[in-house]
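Peer 1: Input file: protein03.csv. Contents: CSV, N, CA and C atoms.
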```csv
chain,number,residue,atom,x,y,z
R,1,MET,N,18.1,-9.6,-5.4
R,1,MET,CA,19.0,-10.6,-5.1
R,1,MET,C,18.4,-11.3,-3.8
R,2,VAL,N,18.4,-12.6,-3.8
R,2,VAL,CA,18.0,-13.4,-2.7
R,2,VAL,C,19.3,-14.1,-2.2
R,3,MET,N,19.6,-13.9,-1.0
R,3,MET,CA,20.8,-14.5,-0.4
R,3,MET,C,20.4,-15.5,0.7
R,4,LEU,N,21.2,-16.6,0.7
R,4,LEU,CA,21.0,-17.6,1.7
R,4,LEU,C,22.3,-17.8,2.5
R,5,THR,N,22.1,-18.1,3.8
R,5,THR,CA,23.3,-18.4,4.6
R,5,THR,C,23.5,-20.0,4.6
R,6,ASP,N,24.7,-20.4,4.8
R,6,ASP,CA,25.0,-21.8,4.9
R,6,ASP,C,24.3,-22.4,6.1
R,7,TYR,N,24.1,-21.6,7.1
R,7,TYR,CA,23.3,-22.1,8.3
R,7,TYR,C,21.9,-22.4,7.9
R,8,LEU,N,21.3,-21.6,7.1
R,8,LEU,CA,19.9,-21.8,6.7
R,8,LEU,C,19.8,-23.1,5.9
R,9,ILE,N,20.7,-23.2,4.9
R,9,ILE,CA,20.7,-24.3,4.0
R,9,ILE,C,21.0,-25.6,4.8
R,10,GLN,N,21.8,-25.6,5.8
R,10,GLN,CA,22.1,-26.8,6.6
R,10,GLN,C,20.9,-27.2,7.5
R,11,ASN,N,20.1,-26.2,7.9
R,11,ASN,CA,19.0,-26.5,8.8
R,11,ASN,C,17.6,-26.6,8.3
R,12,LEU,N,17.5,-26.5,7.0
R,12,LEU,CA,16.2,-26.6,6.3
R,12,LEU,C,16.3,-27.8,5.3
R,13,ARG,N,15.1,-28.4,5.0
R,13,ARG,CA,15.1,-29.4,4.0
R,13,ARG,C,15.1,-28.7,2.6
R,14,ARG,N,15.4,-29.4,1.6
R,14,ARG,CA,15.6,-28.8,0.2
R,14,ARG,C,14.3,-28.1,-0.2
R,15,GLU,N,13.1,-28.7,0.0
R,15,GLU,CA,11.9,-28.1,-0.4
R,15,GLU,C,11.6,-26.8,0.4
R,16,GLU,N,12.0,-26.8,1.7
R,16,GLU,CA,11.9,-25.6,2.5
R,16,GLU,C,12.8,-24.4,2.0
R,17,VAL,N,14.0,-24.8,1.6
R,17,VAL,CA,14.9,-23.8,1.1
R,17,VAL,C,14.3,-23.2,-0.2
R,18,ASP,N,13.7,-24.1,-1.1
R,18,ASP,CA,13.1,-23.7,-2.3
R,18,ASP,C,11.9,-22.7,-2.0
R,19,GLY,N,11.2,-23.0,-0.9
R,19,GLY,CA,10.1,-22.1,-0.5
R,19,GLY,C,10.6,-20.7,-0.1
R,20,ILE,N,11.7,-20.7,0.7
R,20,ILE,CA,12.3,-19.4,1.1
R,20,ILE,C,12.8,-18.6,-0.1
R,21,VAL,N,13.4,-19.3,-1.0
R,21,VAL,CA,13.9,-18.6,-2.3
R,21,VAL,C,12.7,-18.1,-3.1
R,22,ALA,N,11.7,-18.9,-3.2
R,22,ALA,CA,10.5,-18.5,-4.0
R,22,ALA,C,9.9,-17.3,-3.3
R,23,HIS,N,9.8,-17.3,-2.0
R,23,HIS,CA,9.2,-16.2,-1.2
R,23,HIS,C,10.1,-14.9,-1.5
R,24,GLY,N,11.4,-15.0,-1.5
R,24,GLY,CA,12.3,-13.9,-1.7
R,24,GLY,C,12.1,-13.4,-3.2
R,25,LEU,N,12.0,-14.3,-4.1
R,25,LEU,CA,11.9,-13.9,-5.5
R,25,LEU,C,10.5,-13.2,-5.7
R,26,ALA,N,9.5,-13.6,-5.0
R,26,ALA,CA,8.2,-13.0,-5.1
R,26,ALA,C,8.3,-11.5,-4.6
R,27,HIS,N,9.1,-11.3,-3.5
R,27,HIS,CA,9.3,-9.9,-3.1
R,27,HIS,C,9.9,-9.1,-4.2
R,28,LEU,N,10.9,-9.6,-4.8
R,28,LEU,CA,11.6,-8.9,-5.8
R,28,LEU,C,10.7,-8.6,-7.0
R,29,ARG,N,10.0,-9.6,-7.4
R,29,ARG,CA,9.1,-9.5,-8.6
R,29,ARG,C,8.0,-8.4,-8.3
R,30,ARG,N,7.5,-8.3,-7.1
R,30,ARG,CA,6.5,-7.3,-6.8
R,30,ARG,C,7.1,-6.0,-6.3
R,31,ARG,N,8.4,-5.9,-6.4
R,31,ARG,CA,9.2,-4.6,-6.0
R,31,ARG,C,9.0,-4.2,-4.6
R,32,HIS,N,8.9,-5.1,-3.7
R,32,HIS,CA,8.7,-4.8,-2.3
R,32,HIS,C,9.9,-4.1,-1.7
R,33,PRO,N,11.1,-4.3,-2.1
R,33,PRO,CA,12.2,-3.6,-1.5
R,33,PRO,C,12.0,-2.0,-1.5
R,34,LEU,N,11.2,-1.6,-2.5
R,34,LEU,CA,10.9,-0.1,-2.5
R,34,LEU,C,10.1,0.3,-1.3
R,35,LEU,N,9.2,-0.6,-0.9
R,35,LEU,CA,8.4,-0.4,0.3
R,35,LEU,C,9.3,-0.3,1.6
R,36,TYR,N,10.3,-1.2,1.6
R,36,TYR,CA,11.2,-1.2,2.8
R,36,TYR,C,12.0,0.1,2.8
R,37,THR,N,12.3,0.6,1.6
R,37,THR,CA,13.0,1.9,1.5
R,37,THR,C,12.2,3.0,2.0
R,38,ALA,N,10.9,2.9,1.7
R,38,ALA,CA,9.9,4.0,2.3
R,38,ALA,C,9.9,3.9,3.8
R,39,ARG,N,10.0,2.8,4.4
R,39,ARG,CA,10.0,2.7,5.8
R,39,ARG,C,11.2,3.5,6.4
R,40,TRP,N,12.3,3.5,5.8
R,40,TRP,CA,13.4,4.3,6.3
R,40,TRP,C,13.1,5.8,6.1
R,41,GLY,N,12.4,6.1,5.1
R,41,GLY,CA,12.0,7.5,4.9
R,41,GLY,C,11.1,8.0,6.1
R,42,VAL,N,10.2,7.1,6.5
R,42,VAL,CA,9.4,7.4,7.7
R,42,VAL,C,10.2,7.6,8.9
R,43,ILE,N,11.2,6.7,9.1
R,43,ILE,CA,12.1,6.8,10.3
R,43,ILE,C,12.8,8.1,10.3
R,44,TRP,N,13.4,8.5,9.2
R,44,TRP,CA,14.2,9.7,9.1
R,44,TRP,C,13.2,10.9,9.3
R,45,THR,N,12.0,10.9,8.8
R,45,THR,CA,11.1,11.9,8.9
R,45,THR,C,10.8,12.1,10.4
R,46,ALA,N,10.6,11.0,11.1
R,46,ALA,CA,10.3,11.1,12.6
R,46,ALA,C,11.5,11.7,13.3
R,47,LEU,N,12.7,11.3,12.9
R,47,LEU,CA,13.8,11.9,13.6
R,47,LEU,C,14.0,13.4,13.3
R,48,ALA,N,13.8,13.8,12.1
R,48,ALA,CA,13.9,15.2,11.7
R,48,ALA,C,12.8,16.0,12.5
R,49,ALA,N,11.6,15.5,12.6
R,49,ALA,CA,10.5,16.1,13.3
R,49,ALA,C,10.9,16.3,14.7
R,50,GLY,N,11.4,15.3,15.3
R,50,GLY,CA,11.9,15.4,16.7
R,50,GLY,C,13.0,16.4,16.9
R,51,GLY,N,13.9,16.5,15.9
R,51,GLY,CA,14.9,17.5,16.0
R,51,GLY,C,14.4,18.9,15.9
R,52,LEU,N,13.4,19.1,15.0
R,52,LEU,CA,12.8,20.5,14.9
R,52,LEU,C,12.1,20.9,16.2
R,53,LEU,N,11.4,19.9,16.8
R,53,LEU,CA,10.7,20.2,18.0
R,53,LEU,C,11.7,20.5,19.2
R,54,MET,N,12.7,19.7,19.3
R,54,MET,CA,13.7,20.0,20.3
R,54,MET,C,14.5,21.3,20.1
R,55,ALA,N,14.7,21.6,18.9
R,55,ALA,CA,15.4,22.9,18.6
R,55,ALA,C,14.5,24.1,18.8
R,56,GLY,N,13.2,23.9,19.0
R,56,GLY,CA,12.3,25.0,19.3
R,56,GLY,C,11.9,25.7,18.0
R,57,LEU,N,12.2,25.1,16.8
R,57,LEU,CA,11.8,25.7,15.6
R,57,LEU,C,10.3,25.5,15.2
R,58,VAL,N,9.6,24.7,16.0
R,58,VAL,CA,8.2,24.4,15.8
R,58,VAL,C,7.5,24.6,17.1
R,59,ARG,N,6.4,25.3,17.1
R,59,ARG,CA,5.7,25.5,18.4
R,59,ARG,C,4.8,24.4,18.8
R,60,SER,N,4.0,23.9,17.8
R,60,SER,CA,3.1,22.8,18.1
R,60,SER,C,3.6,21.5,17.7
R,61,PRO,N,3.7,20.6,18.6
R,61,PRO,CA,4.2,19.2,18.2
R,61,PRO,C,3.2,18.3,17.6
R,62,ALA,N,2.0,18.7,17.5
R,62,ALA,CA,0.9,17.8,17.0
R,62,ALA,C,1.2,17.3,15.6
R,63,PRO,N,1.5,18.2,14.6
R,63,PRO,CA,1.7,17.7,13.3
R,63,PRO,C,3.0,16.9,13.2
R,64,LEU,N,4.0,17.3,14.0
R,64,LEU,CA,5.3,16.5,13.9
R,64,LEU,C,5.1,15.1,14.5
R,65,ILE,N,4.2,15.0,15.4
R,65,ILE,CA,4.0,13.7,16.0
R,65,ILE,C,3.1,12.8,15.2
R,66,GLY,N,2.0,13.5,14.8
R,66,GLY,CA,0.9,12.8,14.1
R,66,GLY,C,1.3,12.2,12.7
R,67,VAL,N,2.0,13.0,12.0
R,67,VAL,CA,2.4,12.6,10.6
R,67,VAL,C,3.3,11.4,10.6
R,68,PRO,N,4.4,11.4,11.4
R,68,PRO,CA,5.2,10.2,11.3
R,68,PRO,C,4.5,8.9,11.9
R,69,ILE,N,3.6,9.1,12.9
R,69,ILE,CA,2.9,7.9,13.4
R,69,ILE,C,2.0,7.4,12.4
R,70,PHE,N,1.2,8.2,11.7
R,70,PHE,CA,0.3,7.8,10.7
R,70,PHE,C,1.1,7.1,9.6
R,71,ALA,N,2.2,7.7,9.1
R,71,ALA,CA,3.0,7.1,8.1
R,71,ALA,C,3.6,5.8,8.5
R,72,ALA,N,4.1,5.6,9.7
R,72,ALA,CA,4.6,4.4,10.2
R,72,ALA,C,3.5,3.3,10.2
R,73,LEU,N,2.3,3.6,10.6
R,73,LEU,CA,1.2,2.6,10.6
R,73,LEU,C,0.9,2.2,9.2
R,74,ALA,N,0.9,3.2,8.3
R,74,ALA,CA,0.6,2.9,6.9
R,74,ALA,C,1.7,2.0,6.3
R,75,VAL,N,2.9,2.3,6.6
R,75,VAL,CA,4.0,1.4,6.0
R,75,VAL,C,3.9,0.0,6.6
R,76,ALA,N,3.6,-0.1,7.9
R,76,ALA,CA,3.4,-1.4,8.6
R,76,ALA,C,2.3,-2.2,7.9
R,77,ALA,N,1.2,-1.5,7.6
R,77,ALA,CA,0.1,-2.2,7.0
R,77,ALA,C,0.5,-2.7,5.6
R,78,LEU,N,1.2,-1.9,4.8
R,78,LEU,CA,1.6,-2.3,3.5
R,78,LEU,C,2.6,-3.4,3.5
R,79,GLN,N,3.5,-3.3,4.5
R,79,GLN,CA,4.5,-4.4,4.7
R,79,GLN,C,3.9,-5.7,5.0
R,80,ARG,N,2.9,-5.7,5.9
R,80,ARG,CA,2.2,-6.9,6.2
R,80,ARG,C,1.5,-7.5,5.0
R,81,ARG,N,0.9,-6.6,4.2
R,81,ARG,CA,0.2,-7.1,2.9
R,81,ARG,C,1.2,-7.6,2.0
R,82,SER,N,2.4,-7.0,1.9
R,82,SER,CA,3.4,-7.5,1.0
R,82,SER,C,4.0,-8.9,1.4
R,83,GLU,N,4.0,-9.1,2.7
R,83,GLU,CA,4.5,-10.4,3.2
R,83,GLU,C,3.4,-11.5,2.8
R,84,GLY,N,2.2,-11.2,2.9
R,84,GLY,CA,1.1,-12.1,2.6
R,84,GLY,C,1.2,-12.5,1.1
R,85,ALA,N,1.4,-11.4,0.3
R,85,ALA,CA,1.5,-11.6,-1.2
R,85,ALA,C,2.7,-12.5,-1.6
R,86,ALA,N,3.8,-12.2,-0.9
R,86,ALA,CA,5.0,-13.0,-1.2
R,86,ALA,C,4.8,-14.5,-0.7
R,87,ASP,N,4.1,-14.7,0.4
R,87,ASP,CA,3.8,-16.0,0.8
R,87,ASP,C,2.9,-16.8,-0.2
R,88,LEU,N,1.9,-16.1,-0.7
R,88,LEU,CA,1.0,-16.7,-1.7
R,88,LEU,C,1.8,-17.0,-3.0
R,89,ASP,N,2.6,-16.0,-3.5
R,89,ASP,CA,3.4,-16.2,-4.7
R,89,ASP,C,4.4,-17.3,-4.5
R,90,GLY,N,5.1,-17.3,-3.3
R,90,GLY,CA,6.1,-18.4,-3.1
R,90,GLY,C,5.5,-19.7,-3.1
R,91,ALA,N,4.3,-19.9,-2.5
R,91,ALA,CA,3.7,-21.2,-2.5
R,91,ALA,C,3.2,-21.6,-3.9
R,92,ALA,N,2.8,-20.6,-4.7
R,92,ALA,CA,2.4,-20.9,-6.1
R,92,ALA,C,3.6,-21.3,-6.9
R,93,ILE,N,4.7,-20.6,-6.7
R,93,ILE,CA,5.9,-20.9,-7.5
R,93,ILE,C,6.4,-22.4,-7.3
R,94,THR,N,6.4,-22.8,-6.0
R,94,THR,CA,6.9,-24.1,-5.7
R,94,THR,C,5.9,-25.2,-5.8
R,95,GLY,N,4.6,-24.8,-5.6
R,95,GLY,CA,3.5,-25.7,-5.6
R,95,GLY,C,3.5,-26.5,-4.3
R,96,LYS,N,4.2,-26.1,-3.3
R,96,LYS,CA,4.3,-26.8,-2.0
R,96,LYS,C,4.1,-25.8,-0.9
R,97,PRO,N,2.9,-25.3,-0.6
R,97,PRO,CA,2.6,-24.4,0.4
R,97,PRO,C,3.0,-24.9,1.8
R,98,GLU,N,2.8,-26.1,2.1
R,98,GLU,CA,3.1,-26.7,3.4
R,98,GLU,C,4.6,-26.5,3.7
R,99,ALA,N,5.5,-26.7,2.6
R,99,ALA,CA,6.9,-26.6,2.8
R,99,ALA,C,7.3,-25.2,3.1
R,100,LEU,N,6.6,-24.2,2.5
R,100,LEU,CA,6.9,-22.8,2.8
R,100,LEU,C,6.5,-22.5,4.2
R,101,ILE,N,5.3,-23.0,4.6
R,101,ILE,CA,4.9,-22.7,6.0
R,101,ILE,C,5.9,-23.3,7.0
R,102,ARG,N,6.3,-24.5,6.8
R,102,ARG,CA,7.3,-25.1,7.7
R,102,ARG,C,8.6,-24.3,7.7
R,103,ALA,N,9.0,-23.9,6.5
R,103,ALA,CA,10.3,-23.1,6.4
R,103,ALA,C,10.2,-21.8,7.2
R,104,LEU,N,9.1,-21.1,7.0
R,104,LEU,CA,8.9,-19.8,7.7
R,104,LEU,C,8.9,-20.0,9.2
R,105,LEU,N,8.2,-21.1,9.7
R,105,LEU,CA,8.3,-21.4,11.1
R,105,LEU,C,9.7,-21.8,11.6
R,106,ARG,N,10.3,-22.6,10.8
R,106,ARG,CA,11.7,-23.0,11.1
R,106,ARG,C,12.7,-21.9,11.2
R,107,VAL,N,12.6,-20.9,10.3
R,107,VAL,CA,13.4,-19.8,10.3
R,107,VAL,C,13.2,-19.0,11.5
R,108,GLY,N,11.9,-18.8,11.9
R,108,GLY,CA,11.7,-18.1,13.2
R,108,GLY,C,12.3,-18.8,14.4
R,109,GLU,N,12.2,-20.2,14.4
R,109,GLU,CA,12.9,-21.0,15.5
R,109,GLU,C,14.4,-20.8,15.4
R,110,LEU,N,15.0,-20.9,14.3
R,110,LEU,CA,16.4,-20.7,14.1
R,110,LEU,C,16.9,-19.3,14.6
R,111,ASN,N,16.0,-18.4,14.5
R,111,ASN,CA,16.3,-17.0,14.9
R,111,ASN,C,16.0,-16.8,16.4
R,112,SER,N,15.7,-18.0,17.1
R,112,SER,CA,15.3,-18.0,18.5
R,112,SER,C,14.1,-17.1,18.8
R,113,GLN,N,13.2,-17.1,17.9
R,113,GLN,CA,11.9,-16.3,18.1
R,113,GLN,C,10.9,-17.2,18.7
R,114,PRO,N,10.3,-16.8,19.8
R,114,PRO,CA,9.3,-17.6,20.4
R,114,PRO,C,8.1,-17.7,19.4
R,115,ARG,N,7.5,-18.9,19.4
R,115,ARG,CA,6.4,-19.2,18.5
R,115,ARG,C,5.2,-18.2,18.6
R,116,GLN,N,4.9,-17.8,19.8
R,116,GLN,CA,3.8,-16.8,20.0
R,116,GLN,C,4.1,-15.5,19.3
R,117,TRP,N,5.4,-15.1,19.2
R,117,TRP,CA,5.8,-13.9,18.5
R,117,TRP,C,5.5,-14.1,17.0
R,118,GLN,N,5.7,-15.3,16.5
R,118,GLN,CA,5.5,-15.5,15.1
R,118,GLN,C,4.0,-15.3,14.7
R,119,GLN,N,3.2,-15.5,15.7
R,119,GLN,CA,1.7,-15.4,15.4
R,119,GLN,C,1.3,-13.9,15.4
R,120,THR,N,2.1,-13.0,16.0
R,120,THR,CA,1.7,-11.6,16.2
R,120,THR,C,2.6,-10.6,15.5
R,121,LEU,N,3.5,-11.1,14.7
R,121,LEU,CA,4.5,-10.1,14.1
R,121,LEU,C,3.7,-9.1,13.2
R,122,ILE,N,4.1,-7.9,13.3
R,122,ILE,CA,3.4,-6.9,12.5
R,122,ILE,C,3.8,-7.0,11.0
R,123,SER,N,5.0,-7.4,10.7
R,123,SER,CA,5.4,-7.4,9.3
R,123,SER,C,5.1,-8.7,8.6
R,124,HIS,N,4.7,-9.7,9.3
R,124,HIS,CA,4.5,-11.0,8.6
R,124,HIS,C,3.2,-11.6,9.2
R,125,PRO,N,2.2,-11.9,8.4
R,125,PRO,CA,1.0,-12.6,8.9
R,125,PRO,C,1.4,-14.0,9.4
R,126,SER,N,0.5,-14.5,10.2
R,126,SER,CA,0.7,-15.8,10.8
R,126,SER,C,0.8,-16.9,9.7
R,127,THR,N,1.8,-17.8,9.9
R,127,THR,CA,1.9,-18.9,9.0
R,127,THR,C,1.3,-20.2,9.5
R,128,LEU,N,0.7,-20.0,10.7
R,128,LEU,CA,0.0,-21.2,11.3
R,128,LEU,C,-1.4,-21.3,10.7
R,129,LEU,N,-1.8,-22.5,10.3
R,129,LEU,CA,-3.1,-22.7,9.7
R,129,LEU,C,-4.0,-23.3,10.7
```
Starting from the file, lay out its structure as structure tokens.
Peer 2:
Amino acid sequence: MVMLTDYLIQNLRREEVDGIVAHGLAHLRRRHPLLYTARWGVIWTALAAGGLLMAGLVRSPAPLIGVPIFAALAVAALQRRSEGAADLDGAAITGKPEALIRALLRVGELNSQPRQWQQTLISHPSTLL
């Protein structure tokens, strides 16, 4: 399901909204929400590992620290890749890649996200050409 807020619809042009919807549909088509579910698994694993360490049930913290960190980095890399794929698919669906780029930048601005952050987000590759 792709959901839009009235605020987004009011603040983007029609072709930009189309790009955002196509981007969201691309995520669904590629089953990316499963990846985001895996991210929560990593977070819960890290919390459980910390709990075992604090309770004194594990003597060496190395595996408990290393595994969640490695898993978190792997999930971040996969998520970045999935965003790039959704960008490409969204642009292909609409046939208007410039509109999608503008929309992604505009959404960042509407969320009060400084433009320099948009260039370095871990989960989404830069939309600046």
Peer 1: Kindly give the distance, in Å, that separates CA of Ile93 (chain R) and atom C of His27 (chain R), rounded to a single decimal.
Peer 2: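 Taking CA of Ile93 (chain R) and atom C of His27 (chain R), their separation equals 12.9 Å.
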Peer 1: What are the DSSP helix (DSSP H, G or I) residues of chain R, as an MDAnalysis selection string?
Peer 2: chainID R and resid 6:11 14:29 33:54 62:94 97:110 115:120
Peer 1: Leaving out Leu100 (chain R) and any residue of its chain fewer than 4 positions from it, which residues lie within 5 Å of it when counting only N, CA and C atoms, given as a list in words?
Peer 2: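 The residues satisfying every condition are Gly19, Lys96 and Leu104 of chain R.
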Peer 1: Choose the residue, out of R:Glu98, R:Glu83, R:Glu109, R:Asp89, that has the smallest atom-to-atom separation from Pro33 (chain R); count only C-alpha atoms.
Peer 2: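 Comparing R:Glu98, R:Glu83, R:Glu109, R:Asp89 against Pro33 (chain R), the winner is R:Glu83.
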Peer 1: Find the residues around Asp18 (chain R) up to 8 Å (all atoms listed in the file counted), leave out those fewer than 6 positions away in its own chain, and share them as a PyMOL selection string.
Peer 2: chain R and resi 12+24+90+93-94+99-100
Peer 1: Can you spit out the residues from that selection as a PDB file, in the coordinates of the input, using N, CA and C atoms?
Peer 2:
```
ATOM      1  N   LEU R  12      17.500 -26.500   7.000  1.00  0.00           N
ATOM      2  CA  LEU R  12      16.200 -26.600   6.300  1.00  0.00           C
ATOM      3  C   LEU R  12      16.300 -27.800   5.300  1.00  0.00           C
ATOM      4  N   GLY R  24      11.400 -15.000  -1.500  1.00  0.00           N
ATOM      5  CA  GLY R  24      12.300 -13.900  -1.700  1.00  0.00           C
ATOM      6  C   GLY R  24      12.100 -13.400  -3.200  1.00  0.00           C
ATOM      7  N   GLY R  90       5.100 -17.300  -3.300  1.00  0.00           N
ATOM      8  CA  GLY R  90       6.100 -18.400  -3.100  1.00  0.00           C
ATOM      9  C   GLY R  90       5.500 -19.700  -3.100  1.00  0.00           C
ATOM     10  N   ILE R  93       4.700 -20.600  -6.700  1.00  0.00           N
ATOM     11  CA  ILE R  93       5.900 -20.900  -7.500  1.00  0.00           C
ATOM     12  C   ILE R  93       6.400 -22.400  -7.300  1.00  0.00           C
ATOM     13  N   THR R  94       6.400 -22.800  -6.000  1.00  0.00           N
ATOM     14  CA  THR R  94       6.900 -24.100  -5.700  1.00  0.00           C
ATOM     15  C   THR R  94       5.900 -25.200  -5.800  1.00  0.00           C
ATOM     16  N   ALA R  99       5.500 -26.700   2.600  1.00  0.00           N
ATOM     17  CA  ALA R  99       6.900 -26.600   2.800  1.00  0.00           C
ATOM     18  C   ALA R  99       7.300 -25.200   3.100  1.00  0.00           C
ATOM     19  N   LEU R 100       6.600 -24.200   2.500  1.00  0.00           N
ATOM     20  CA  LEU R 100       6.900 -22.800   2.800  1.00  0.00           C
ATOM     21  C   LEU R 100       6.500 -22.500   4.200  1.00  0.00           C
TER      22      LEU R 100
END
```
Peer 1: Take atom C of Pro97 (chain R) and CA of Ala74 (chain R) and report the distance between them in Å, one decimal.
Peer 2: 28.4 Å
Peer 1: Residues near Ser82 (chain R), anyone? I mean within 7 Å using all atoms listed in the file, not counting same-chain ones fewer than 5 positions away, as an MDAnalysis selection string.
Peer 2: chainID R and resid 32 77 87
Peer 1: One number please: atom C of Gln79 (chain R) to CA of Tyr36 (chain R), in Å, one decimal.
Peer 2: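 Rounded to one decimal, the two atoms are 8.9 Å apart.
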Peer 1: Looking at only C-alpha atoms, which of R:Gln10, R:Arg106, R:Val75, R:Ala85 is the one that sits closest to Ile43 (chain R)?
Peer 2: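 Between R:Gln10, R:Arg106, R:Val75, R:Ala85, the residue approaching Ile43 (chain R) most closely is R:Val75.
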Peer 1: What would region 12-19 of chain R look like with all heavy atoms in place, written as a short mmCIF file (atom, residue, chain, number, x, y, z; two decimals), in the coordinates of the input?
Peer 2:
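Saved result, part.cif, follows:
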```cif
data_model
loop_
_atom_site.label_atom_id
_atom_site.label_comp_id
_atom_site.auth_asym_id
_atom_site.auth_seq_id
_atom_site.Cartn_x
_atom_site.Cartn_y
_atom_site.Cartn_z
N LEU R 12 17.50 -26.50 7.00
CA LEU R 12 16.20 -26.60 6.30
C LEU R 12 16.30 -27.80 5.30
O LEU R 12 17.33 -28.02 4.72
CB LEU R 12 15.75 -25.36 5.61
CG LEU R 12 15.46 -24.13 6.48
CD1 LEU R 12 15.05 -22.96 5.60
CD2 LEU R 12 14.40 -24.41 7.50
N ARG R 13 15.10 -28.40 5.00
CA ARG R 13 15.10 -29.40 4.00
C ARG R 13 15.10 -28.70 2.60
O ARG R 13 14.80 -27.48 2.52
CB ARG R 13 13.78 -30.19 4.06
CG ARG R 13 13.70 -31.02 5.28
CD ARG R 13 12.43 -31.85 5.22
NE ARG R 13 12.01 -32.15 6.58
CZ ARG R 13 10.76 -32.33 6.94
NH1 ARG R 13 9.79 -32.25 6.05
NH2 ARG R 13 10.46 -32.59 8.18
N ARG R 14 15.40 -29.40 1.60
CA ARG R 14 15.60 -28.80 0.20
C ARG R 14 14.30 -28.10 -0.20
O ARG R 14 14.30 -26.95 -0.68
CB ARG R 14 15.93 -29.87 -0.78
CG ARG R 14 15.91 -29.43 -2.23
CD ARG R 14 16.92 -28.30 -2.46
NE ARG R 14 16.73 -27.68 -3.73
CZ ARG R 14 17.57 -27.79 -4.75
NH1 ARG R 14 18.65 -28.50 -4.63
NH2 ARG R 14 17.32 -27.17 -5.87
N GLU R 15 13.10 -28.70 0.00
CA GLU R 15 11.90 -28.10 -0.40
C GLU R 15 11.60 -26.80 0.40
O GLU R 15 10.90 -25.92 -0.05
CB GLU R 15 10.71 -29.09 -0.34
CG GLU R 15 10.37 -29.58 1.05
CD GLU R 15 9.27 -30.62 1.04
OE1 GLU R 15 8.86 -31.09 -0.04
OE2 GLU R 15 8.81 -30.97 2.14
N GLU R 16 12.00 -26.80 1.70
CA GLU R 16 11.90 -25.60 2.50
C GLU R 16 12.80 -24.40 2.00
O GLU R 16 12.32 -23.30 1.95
CB GLU R 16 12.14 -25.91 3.97
CG GLU R 16 11.13 -26.89 4.55
CD GLU R 16 11.53 -27.44 5.91
OE1 GLU R 16 12.71 -27.31 6.30
OE2 GLU R 16 10.65 -28.00 6.58
N VAL R 17 14.00 -24.80 1.60
CA VAL R 17 14.90 -23.80 1.10
C VAL R 17 14.30 -23.20 -0.20
O VAL R 17 14.28 -22.02 -0.49
CB VAL R 17 16.29 -24.35 0.80
CG1 VAL R 17 17.15 -23.36 0.03
CG2 VAL R 17 16.96 -24.71 2.13
N ASP R 18 13.70 -24.10 -1.10
CA ASP R 18 13.10 -23.70 -2.30
C ASP R 18 11.90 -22.70 -2.00
O ASP R 18 11.75 -21.73 -2.69
CB ASP R 18 12.49 -24.91 -3.05
CG ASP R 18 13.57 -25.80 -3.64
OD1 ASP R 18 14.75 -25.38 -3.70
OD2 ASP R 18 13.23 -26.94 -4.03
N GLY R 19 11.20 -23.00 -0.90
CA GLY R 19 10.10 -22.10 -0.50
C GLY R 19 10.60 -20.70 -0.10
O GLY R 19 10.02 -19.68 -0.48
#
```
